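Enquirer: Encoded as structure tokens, here's the structure I'll be asking about.
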Amino acid sequence: QVQLVESGGGLVQAGGSLRLSCAVSGNIFSITVMGWYRQAPGKPRDLVAKIISGGSTIYADSVKGRFTISRDNAKNTVYLQMNSLKPEDTAVYYCRITTSAQTYWGQGTQVTVSS
């Protein structure tokens, strides 16, 4: 059974920083893409950032220059360093893992940025 355990969310003031982690455990092979998505109330779930197995990264325009995604292949963990946070970054953040066979989602972690 595959599990994605997210951590690092919370409440922070505008301009602050948070680091999200997503640890993947279980019988999982050939992870190709690790990413973070977010969903604000009443809005669709959108891509924040993703990192491909070769190391290339893709970011949403709204977070470029402020967020950094990274992965530790040995630990099957993906991170999202979020700096210069804005109130509009407030959302539930979800980790997503894609393998050659399947896609997995984490349970989500709340990030709230106060003005």
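As shown in the structure tokens, the chain order sets the letters A, B, ...; within each chain, residues go from 1, and ligands are also counted from 1 in the order they appear.
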With a distance cut-off of 7 Å and only C-alpha atoms, select the neighbouring residues of segment 9-17 of chain A, excluding the residue or stretch itself and same-chain residues fewer than 3 positions from it, and output the selection as a tab-separated table (two decimals) with N, CA and C atoms, in the first residue's frame.
Expert:
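To be explicit, this is the file written out as around.tsv:
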```tsv
chain	number	residue	atom	x	y	z
A	20	LEU	N	7.20	22.65	2.87
A	20	LEU	CA	6.35	21.46	2.85
A	20	LEU	C	7.19	20.24	2.49
A	82	MET	N	8.74	27.53	0.32
A	82	MET	CA	7.90	28.66	-0.06
A	82	MET	C	8.37	29.91	0.67
A	83	ASN	N	8.86	30.87	-0.08
A	83	ASN	CA	9.33	32.13	0.49
A	83	ASN	C	8.45	33.28	0.02
A	84	SER	N	8.57	34.40	0.71
A	84	SER	CA	7.81	35.61	0.34
A	84	SER	C	6.34	35.28	0.13
A	85	LEU	N	5.78	34.58	1.08
A	85	LEU	CA	4.39	34.13	0.95
A	85	LEU	C	3.43	35.31	0.94
A	86	LYS	N	2.36	35.14	0.16
A	86	LYS	CA	1.34	36.16	0.01
A	86	LYS	C	-0.02	35.59	0.46
A	87	PRO	N	-0.94	36.45	0.85
A	87	PRO	CA	-2.28	35.94	1.23
A	87	PRO	C	-2.92	35.09	0.14
A	109	THR	N	-2.37	19.50	2.96
A	109	THR	CA	-1.95	20.24	4.16
A	109	THR	C	-2.32	21.70	3.96
A	110	GLN	N	-2.90	22.29	4.99
A	110	GLN	CA	-3.39	23.67	4.89
A	110	GLN	C	-2.25	24.66	5.06
A	111	VAL	N	-2.21	25.61	4.16
A	111	VAL	CA	-1.30	26.75	4.27
A	111	VAL	C	-2.16	28.02	4.31
A	112	THR	N	-1.99	28.80	5.36
A	112	THR	CA	-2.75	30.03	5.51
A	112	THR	C	-1.77	31.18	5.71
A	113	VAL	N	-1.89	32.19	4.85
A	113	VAL	CA	-1.02	33.35	4.91
A	113	VAL	C	-1.86	34.55	5.30
A	114	SER	N	-1.54	35.15	6.42
A	114	SER	CA	-2.29	36.31	6.90
A	114	SER	C	-1.65	37.60	6.42
A	115	SER	N	-2.48	38.58	6.21
A	115	SER	CA	-1.97	39.87	5.70
A	115	SER	C	-1.59	40.80	6.84
```
Enquirer: Skip segment 1-5 of chain A itself and residues of its chain fewer than 3 positions away, then list as a PyMOL selection string all residues within 6 Å of it, counting only C-alpha atoms.
Expert: chain A and resi 22-27+106
Enquirer: Please list as a list in words every residue within 9 Å of Val78 of chain A, counting only C-alpha atoms and excluding residues in the same chain fewer than 5 positions away.
Expert: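 After dropping sequence-adjacent residues, the list is Leu20, Ser21, Cys22, Ala23, Val24, Met34, Gly35, Trp36, Ile51, Ile69, Ser70, Arg71, Asp72, Asn73 and Cys95 of chain A.
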Enquirer: How far is it from atom CA of Arg45 of chain A to atom CA of Ala74 of chain A, in Å with one decimal?
Expert: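 That distance, rounded to one decimal, is 28.4 Å.
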Enquirer: Just asking: which residues within segment 4-103 of chain A are strand (DSSP E) according to DSSP, as an NGL selection string?
Expert: :A and (4-7 or 10-13 or 18-25 or 31-39 or 46-52 or 57-59 or 67-72 or 77-82 or 91-99 or 103)
Enquirer: To one decimal in Å, tell me the separation between atom CA of Thr90 of chain A and atom CA of Ala40 of chain A.
Expert: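 Atom-to-atom, atom CA of Thr90 of chain A and atom CA of Ala40 of chain A are spaced 6.7 Å apart.
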Enquirer: Which residue is closest to Asn76 of chain A? Choose from A:Glu6, A:Arg19, A:Ile31, A:Gly108 and count only C-alpha atoms.
Expert: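 Counting only C-alpha atoms, the residue closest to Asn76 of chain A is A:Ile31.
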